[in-house]
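Structure first, then comments.
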Amino acid sequence: MHIHAFPADRRRYSAFLRHAHWLSAALVLVAYVSIYGREWWERGTPERILAGQLHTLSGLLLLLLTVPRLLVRFQETPPPIVPAPPLPQRLMAGLAHVALFLYLVVQPLLGLSTLMVSGKGVGFPLIAWRIPGLAVPNESLAKAIKELHEFVGVLFIYVIAAHLLAAIWHWRVRQDNALQRML
Ligand code: HEM
Ligand code: HEM
């Protein structure tokens, strides 16, 4: 018999925050698949250039989406998790979410800076217009920013995996409404 000691709280994040969350998750997936998937093609082929452009486009859209998302998020108190997790767990989750938000802003900016400072600029699929790079490139600075961008990119594969495992743990093990609030 299944006893509901804690009636499920049906309140969710607002529609905008829920849609922004899942759209962001999809764009993050596109950013990783396109940058690692482009290795499939030889340097200079149209397919590989397109994959690189999909990478920069998904990353820039992510940045554009995260700004209004954060503005809305500052106005909104998330619905409580029922049953409430103990304080240390709530603090850990809060820290993880701050880190994920920071990443959604900083990581695209690092990628963009790489292409600006190297003088390459940013091209887009299907249109000729591009964001021009700096007229006076700084190769060594561009390389340092690129290495930081790659390091953060790999580091957050693990952070996102932990975030995903936490969501599954709430759902299957703790059986609270944490995931339902985002659906
Ligand atoms: C959250 C969004 C983003 C994520 C998760 C991400 C992730 C990554 C990762 C993991 C790499 C390393 C790939 C490798 O080691 O082969 C990379 C490379 C790169 N990314 Fe991003 N990136 C994002 C956004 C952007 C944006 C917005 C731009 C530019 C506007 C950009 C430009 C680049 C460039 C130029 C490289 C180096 C490619 C090369 O090796 O020549 N990224 N990115
Ligand atoms: C399939 C993958 C994912 C699942 C199942 C998932 C699940 C969730 C859930 C259940 C929450 C609510 C947590 C809470 O309120 O305590 C949440 C929040 C959050 N997630 Fe994800 N997520 C996924 C992917 C991602 C990705 C890829 C990112 C970004 C890199 C991300 C960033 C965030 C952020 C920043 C929050 C905090 C939202 C806020 O406070 O407004 N998530 N996620």
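Just remember, in the structure tokens the first chain shown is A, the second B, etc., residues are 1-based per chain, and ligands are 1-based in the order shown.
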Can you tell me which residues surround Phe124 (chain A) at a distance of at most 8 Å, considering only C-alpha atoms, apart from same-chain residues fewer than 4 positions away, and format the answer as a list in words? Gln53, Leu54, Thr56, Leu57, Ala128, Trp129 and Arg130 of chain A
Output all heavy atoms for every residue in the selection just made, as a PDB file, in the first residue's frame.
ATOM      1  N   GLN A  53      29.410  27.102 -36.392  1.00  0.00           N
ATOM      2  CA  GLN A  53      28.447  28.203 -36.314  1.00  0.00           C
ATOM      3  C   GLN A  53      27.246  27.843 -35.451  1.00  0.00           C
ATOM      4  O   GLN A  53      26.709  28.695 -34.734  1.00  0.00           O
ATOM      5  CB  GLN A  53      27.992  28.588 -37.725  1.00  0.00           C
ATOM      6  CG  GLN A  53      29.096  29.264 -38.534  1.00  0.00           C
ATOM      7  CD  GLN A  53      28.672  29.571 -39.950  1.00  0.00           C
ATOM      8  OE1 GLN A  53      27.735  28.964 -40.474  1.00  0.00           O
ATOM      9  NE2 GLN A  53      29.352  30.511 -40.578  1.00  0.00           N
ATOM     10  N   LEU A  54      26.829  26.568 -35.500  1.00  0.00           N
ATOM     11  CA  LEU A  54      25.740  26.125 -34.615  1.00  0.00           C
ATOM     12  C   LEU A  54      26.168  26.237 -33.161  1.00  0.00           C
ATOM     13  O   LEU A  54      25.383  26.590 -32.284  1.00  0.00           O
ATOM     14  CB  LEU A  54      25.357  24.670 -34.927  1.00  0.00           C
ATOM     15  CG  LEU A  54      24.347  24.450 -36.039  1.00  0.00           C
ATOM     16  CD1 LEU A  54      24.070  22.958 -36.197  1.00  0.00           C
ATOM     17  CD2 LEU A  54      23.056  25.199 -35.752  1.00  0.00           C
ATOM     18  N   THR A  56      28.395  28.428 -31.844  1.00  0.00           N
ATOM     19  CA  THR A  56      28.390  29.819 -31.388  1.00  0.00           C
ATOM     20  C   THR A  56      26.951  30.345 -31.311  1.00  0.00           C
ATOM     21  O   THR A  56      26.601  31.061 -30.376  1.00  0.00           O
ATOM     22  CB  THR A  56      29.228  30.708 -32.322  1.00  0.00           C
ATOM     23  OG1 THR A  56      28.746  30.577 -33.653  1.00  0.00           O
ATOM     24  CG2 THR A  56      30.676  30.309 -32.310  1.00  0.00           C
ATOM     25  N   LEU A  57      26.099  29.950 -32.264  1.00  0.00           N
ATOM     26  CA  LEU A  57      24.711  30.431 -32.263  1.00  0.00           C
ATOM     27  C   LEU A  57      23.952  29.923 -31.030  1.00  0.00           C
ATOM     28  O   LEU A  57      23.299  30.703 -30.330  1.00  0.00           O
ATOM     29  CB  LEU A  57      24.000  29.992 -33.551  1.00  0.00           C
ATOM     30  CG  LEU A  57      22.570  30.487 -33.715  1.00  0.00           C
ATOM     31  CD1 LEU A  57      22.517  32.010 -33.740  1.00  0.00           C
ATOM     32  CD2 LEU A  57      21.937  29.922 -34.989  1.00  0.00           C
ATOM     33  N   ALA A 128      25.234  36.310 -44.414  1.00  0.00           N
ATOM     34  CA  ALA A 128      26.600  36.723 -44.702  1.00  0.00           C
ATOM     35  C   ALA A 128      27.167  37.599 -43.586  1.00  0.00           C
ATOM     36  O   ALA A 128      28.364  37.624 -43.343  1.00  0.00           O
ATOM     37  CB  ALA A 128      26.644  37.481 -46.026  1.00  0.00           C
ATOM     38  N   TRP A 129      26.277  38.316 -42.883  1.00  0.00           N
ATOM     39  CA  TRP A 129      26.746  39.235 -41.855  1.00  0.00           C
ATOM     40  C   TRP A 129      27.474  38.507 -40.731  1.00  0.00           C
ATOM     41  O   TRP A 129      27.071  37.422 -40.338  1.00  0.00           O
ATOM     42  CB  TRP A 129      25.555  40.013 -41.279  1.00  0.00           C
ATOM     43  CG  TRP A 129      25.987  40.990 -40.234  1.00  0.00           C
ATOM     44  CD1 TRP A 129      26.555  42.213 -40.432  1.00  0.00           C
ATOM     45  CD2 TRP A 129      25.925  40.800 -38.809  1.00  0.00           C
ATOM     46  NE1 TRP A 129      26.840  42.794 -39.220  1.00  0.00           N
ATOM     47  CE2 TRP A 129      26.465  41.955 -38.222  1.00  0.00           C
ATOM     48  CE3 TRP A 129      25.467  39.764 -37.988  1.00  0.00           C
ATOM     49  CZ2 TRP A 129      26.562  42.122 -36.840  1.00  0.00           C
ATOM     50  CZ3 TRP A 129      25.565  39.926 -36.596  1.00  0.00           C
ATOM     51  CH2 TRP A 129      26.098  41.099 -36.039  1.00  0.00           C
ATOM     52  N   ARG A 130      28.577  39.074 -40.266  1.00  0.00           N
ATOM     53  CA  ARG A 130      29.237  38.491 -39.107  1.00  0.00           C
ATOM     54  C   ARG A 130      29.617  39.571 -38.106  1.00  0.00           C
ATOM     55  O   ARG A 130      29.719  40.743 -38.462  1.00  0.00           O
ATOM     56  CB  ARG A 130      30.468  37.671 -39.517  1.00  0.00           C
ATOM     57  CG  ARG A 130      31.263  38.171 -40.722  1.00  0.00           C
ATOM     58  CD  ARG A 130      32.282  37.138 -41.168  1.00  0.00           C
ATOM     59  NE  ARG A 130      33.190  36.733 -40.123  1.00  0.00           N
ATOM     60  CZ  ARG A 130      33.407  35.456 -39.791  1.00  0.00           C
ATOM     61  NH1 ARG A 130      32.798  34.490 -40.428  1.00  0.00           N
ATOM     62  NH2 ARG A 130      34.251  35.163 -38.821  1.00  0.00           N
TER      63      ARG A 130
END
Interface rows for chain A against ligand 2: nearest pair, Å to one decimal, 7 Å, only C-alpha atoms and all ligand atoms, as JSON lines:
{"residue": "A:Leu17", "atom": "CA", "partner": "ligand 2", "partner_atom_place_in_ligand_line": "41 (O)", "distance": 6.2}
{"residue": "A:His21", "atom": "CA", "partner": "ligand 2", "partner_atom_place_in_ligand_line": "20 (N)", "distance": 6.1}
{"residue": "A:Trp22", "atom": "CA", "partner": "ligand 2", "partner_atom_place_in_ligand_line": "24 (C)", "distance": 7.0}
{"residue": "A:Ser24", "atom": "CA", "partner": "ligand 2", "partner_atom_place_in_ligand_line": "29 (C)", "distance": 6.2}
{"residue": "A:Ala25", "atom": "CA", "partner": "ligand 2", "partner_atom_place_in_ligand_line": "27 (C)", "distance": 3.8}
{"residue": "A:Val28", "atom": "CA", "partner": "ligand 2", "partner_atom_place_in_ligand_line": "27 (C)", "distance": 5.7}
{"residue": "A:Arg73", "atom": "CA", "partner": "ligand 2", "partner_atom_place_in_ligand_line": "41 (O)", "distance": 5.6}
{"residue": "A:Pro78", "atom": "CA", "partner": "ligand 2", "partner_atom_place_in_ligand_line": "15 (O)", "distance": 6.5}
{"residue": "A:Ala93", "atom": "CA", "partner": "ligand 2", "partner_atom_place_in_ligand_line": "16 (O)", "distance": 6.3}
{"residue": "A:His97", "atom": "CA", "partner": "ligand 2", "partner_atom_place_in_ligand_line": "35 (C)", "distance": 4.7}
{"residue": "A:Val98", "atom": "CA", "partner": "ligand 2", "partner_atom_place_in_ligand_line": "35 (C)", "distance": 6.6}
{"residue": "A:Leu100", "atom": "CA", "partner": "ligand 2", "partner_atom_place_in_ligand_line": "35 (C)", "distance": 4.7}
{"residue": "A:Phe101", "atom": "CA", "partner": "ligand 2", "partner_atom_place_in_ligand_line": "35 (C)", "distance": 4.5}
{"residue": "A:Leu104", "atom": "CA", "partner": "ligand 2", "partner_atom_place_in_ligand_line": "30 (C)", "distance": 6.2}
{"residue": "A:Ile160", "atom": "CA", "partner": "ligand 2", "partner_atom_place_in_ligand_line": "27 (C)", "distance": 5.8}
{"residue": "A:His163", "atom": "CA", "partner": "ligand 2", "partner_atom_place_in_ligand_line": "22 (N)", "distance": 6.3}
{"residue": "A:Leu164", "atom": "CA", "partner": "ligand 2", "partner_atom_place_in_ligand_line": "4 (C)", "distance": 4.9}
{"residue": "A:Ala167", "atom": "CA", "partner": "ligand 2", "partner_atom_place_in_ligand_line": "10 (C)", "distance": 5.1}
{"residue": "A:Ile168", "atom": "CA", "partner": "ligand 2", "partner_atom_place_in_ligand_line": "5 (C)", "distance": 6.9}
{"residue": "A:Ala178", "atom": "CA", "partner": "ligand 2", "partner_atom_place_in_ligand_line": "10 (C)", "distance": 5.2}
{"residue": "A:Leu179", "atom": "CA", "partner": "ligand 2", "partner_atom_place_in_ligand_line": "10 (C)", "distance": 3.5}
{"residue": "A:Gln180", "atom": "CA", "partner": "ligand 2", "partner_atom_place_in_ligand_line": "10 (C)", "distance": 6.8}
{"residue": "A:Arg181", "atom": "CA", "partner": "ligand 2", "partner_atom_place_in_ligand_line": "12 (C)", "distance": 6.6}
{"residue": "A:Met182", "atom": "CA", "partner": "ligand 2", "partner_atom_place_in_ligand_line": "10 (C)", "distance": 5.2}
Looking only at alpha helix (DSSP H) from DSSP on the backbone, list the matching residues of region 15-164 of chain A as a ChimeraX atom specification. /A:15-37,46-75,87-117,139-164
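Closest approach to ligand 1 among A:Val122, A:Ala26, A:Ala162, A:Ala84: A:Val122, based on only C-alpha atoms and all ligand atoms.
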Let me have all residues with an atom within 8 Å of ligand 1, counting only C-alpha atoms and all ligand atoms, laid out as JSON, numbers by chain. {"A": [27, 28, 29, 31, 32, 35, 36, 39, 52, 55, 56, 57, 58, 59, 60, 61, 62, 63, 103, 104, 105, 106, 107, 108, 109, 110, 111, 112, 113, 114, 115, 122, 146, 149, 150, 151, 152, 153, 154, 156]}
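Separating CA of Pro137 (chain A) from CA of Lys120 (chain A) is a distance of 8.5 Å.
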How far is it from CA of Ala96 (chain A) to CA of Arg18 (chain A), in Å with one decimal?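 Straight-line distance from CA of Ala96 (chain A) to CA of Arg18 (chain A) works out to 17.5 Å.
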d(CA of Ala51 (chain A), CA of Gly37 (chain A)) in Å: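 Interatomic distance here is 7.4 Å.
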